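Undergrad: There's a structure below that I have some questions on.
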Amino acid sequence: MPVADSATPWVAELFRSSIVPTLVDYIRIPNKSMMFDPNWRANGYMDQATELFAGWAKGQLPAGATLEVVRLGERTPVIFIDVPGTGGRQGDTVLLYGHLDKQPEMTGWRDGLGPWTPVLEGDKLYGRGGADDGYALFASLTAINALRRENIPHARCVVLIEACEESGSVDLPAYIDHLAPRVGQLSLVICLDSGCANYDQLWSTTSLRGLVLGTLDVSLLTEGVHSGDGTGVIAASERIVRQLLDRLEDSHTGQIKLAELATAIPRQRVLQAERTAQVVGDDIYAKFPLQPGVQPVVADNTELILNRTWRPGLAITGAEGWPAIGNAGNVLRPFTRLKLSIRIPPHVDPDAAGRAVKQLLERDPPHGARVRFENVSGSSGWDAPEVAPWLDKALDTASQRHFGKPAMYMGEGGTIPFMYMLGEKFPRAQFCITGVLGPGSNAHGPNEFLHLPTARKLTLCIADVLAEHARQ
Ligand SMILES: [Zn+2]
């Protein structure tokens with residue numbers, strides 16, 4: 001039984017009076033993930049955000065539910081909420097997942113906006129972390145409460161909110177081991193940290209890419225020298241970097257050349273990409289804040305979808321060894337250091353991929369340059385198990401009801417390390433991975449916003465999926 005029509009205004013009112021004001025407070029807290037704030041413990045922002053979330057959740061706990069902020073040693077905390085079932089099969093559990101740590105500020109925020117400046121503008125709540133992924137806890141508990149207020153049965157639910165996702169969830173395996181006896185046997189995982197290709201229907205994620213991170217460090221001099229003296233005699237470190245990156249990536253096409261980073265794309269995923277291309281059309285690339293005249297890398301929307309979901313891709317996300325332009329003298333600089341962020345397809349082992357990249361970059365250094373690829377870390381991508389007929393139907397019915405359009409499936413280009421961990425641990429579980437990261441929402445970039453109507457509709461869809469799950 002799905003939620004009644006009266007659930008829609010009830011959810012809307014809760015968002016207005018309680019959820020949005022709490023998210024406004026949350027956006028003000030600069031709780032950057034530990035990779036971006038090595039002093040996170042001393043700074044105390046993560047604890048502040050955790051307390052804010054736990055405080056709100058305690059006021060919303062369904063009858064019989066318990067909440068614990070779990071802390072293992074020096075690790076980032078986890079909020080663990082255990083909601084007893086009112087139906088479903090005995091011993092059967094649904095896991096609802098989200099995270100509360102944030103990406104760093106990034107530059108380019110519009111005037112009046114900023115990462116730690118919450119601004120409510122029409123349907124959008126601007127600020128870092130509202131959409132990625134602050135809303136998840138609120139949507140999860142509210143979906144359960146929507147069922148409770150109408151006495152619609154649901155299975156036991158555990159809500160797990162971690163504080164380390166944007167750092168590759170490195171703390172999470174320890175918590176999973178620690179909490180495994182309390183989690184029990186999962187038949188359904190609901191993850192609210194993913195994307196949607198539009199705000200018009202319910203989108204389920206069928207795959208996620210993995211990630212290899214590392215720092216490329218190239219040096220030929222122990223200190224900088226006059227560029228008039230040095231150029232033409234000693235190679236510039238940036239030129240060596242260009243040669244090395246050419247080994248990894250075709251600079252004309254963006255194609256990654258390393259075979260270890262590629263995989264065969266399953267036929268069904270190609271078909272899904274074709275269908276998504278039909279529904280989304282040119283928004284696949286037009287959703288980005290493009291400069292006038294900019295074209296996508298190929299003129300085929302299906303290929304663009306496959307590129308962003310099933311093929312590897314390189315971004316250089318940080319640089320050291322360069323002065324700011326206003327302070328740049330004529331110097332042959334002693335070193336160039338770049339942070340490489342390489343997305344890898346599902347089914348590619350991130351550790352093997354990291355080793356292959358390291359070997360590729362470090363072998364036969366041009367002109368005997370000192371070349372190092374260090375601080376290498378990796379996260380696995382994920383390929384969804386086949387969707388059970390009941391879940392397929394539940395998603396579609398919920399989407400029709402709350403969005404007025406059918407549900408859609410697509411792969412995502414981002415990484416949620418936890419999904420791979422769960423898939424390994426619970427091979428029989430079904431996955432409903434969805435989210436509000438749609439066109440323009442710009443998680444990780446400037447002007448991130450939470451699309452509030454989508455968050456509300458998604459909450460109602462999750463309630464209906466939980467209700468349907470309990471009937472199986
Ligand atoms: Zn996220």
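Residues in the structure tokens are numbered from 1 in each chain, the chains being A, B, ... in the order shown, and ligands are numbered from 1 in the order shown.
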Got a sec to tell me which of range 358-472 of chain A DSSP assigns to helix (DSSP H, G or I), as a ChimeraX atom specification?

TA: /A:358-362,366-368,389-402,417-425,452-470

Undergrad: Hey, which residues come within 7 Å of ligand 1 if we count only C-alpha atoms and all ligand atoms? Could you give them as a VMD selection string?

TA: chain A and resid 99 132 to 133 165 to 166 193 to 194

Undergrad: Mind pulling up the distance from CA of Cys164 in chain A to CA of Gly44 in chain A?

TA: 14.4 Å

Undergrad: Give me the residues of range 289-390 of chain A that have any atom at most 6 Å from an atom of range 197-209 of chain A; for each, the nearest atom pair and the distance in Å, rounded to one decimal. Use only C-alpha atoms, sort by chain and number, and format it as JSON lines.

TA:
{"residue": "A:Ile344", "atom": "CA", "partner": "A:Arg209", "partner_atom": "CA", "distance": 5.5}
{"residue": "A:Pro345", "atom": "CA", "partner": "A:Arg209", "partner_atom": "CA", "distance": 4.7}
{"residue": "A:Pro346", "atom": "CA", "partner": "A:Arg209", "partner_atom": "CA", "distance": 5.4}
{"residue": "A:Gly381", "atom": "CA", "partner": "A:Arg209", "partner_atom": "CA", "distance": 4.2}
{"residue": "A:Trp382", "atom": "CA", "partner": "A:Leu208", "partner_atom": "CA", "distance": 5.0}
{"residue": "A:Asp383", "atom": "CA", "partner": "A:Ser207", "partner_atom": "CA", "distance": 4.4}
{"residue": "A:Ala384", "atom": "CA", "partner": "A:Thr206", "partner_atom": "CA", "distance": 5.0}

Undergrad: Of the residues A:Glu238, A:Met408, A:Leu192, A:Ile316, which is the one nearest to Arg275 in chain A, using only C-alpha atoms?

TA: A:Met408

Undergrad: Counting only C-alpha atoms, what is within 8 Å of Pro30 in chain A, bar same-chain residues fewer than 5 positions away, as a ChimeraX atom specification?

TA: /A:45,102,116

Undergrad: Which residue, A:Leu67, A:Ala155, A:Ala163, A:Leu113, has the smallest gap to Trp40 in chain A when you use only C-alpha atoms?

TA: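 Going through A:Leu67, A:Ala155, A:Ala163, A:Leu113 one by one, the smallest distance to Trp40 in chain A is for A:Ala163.
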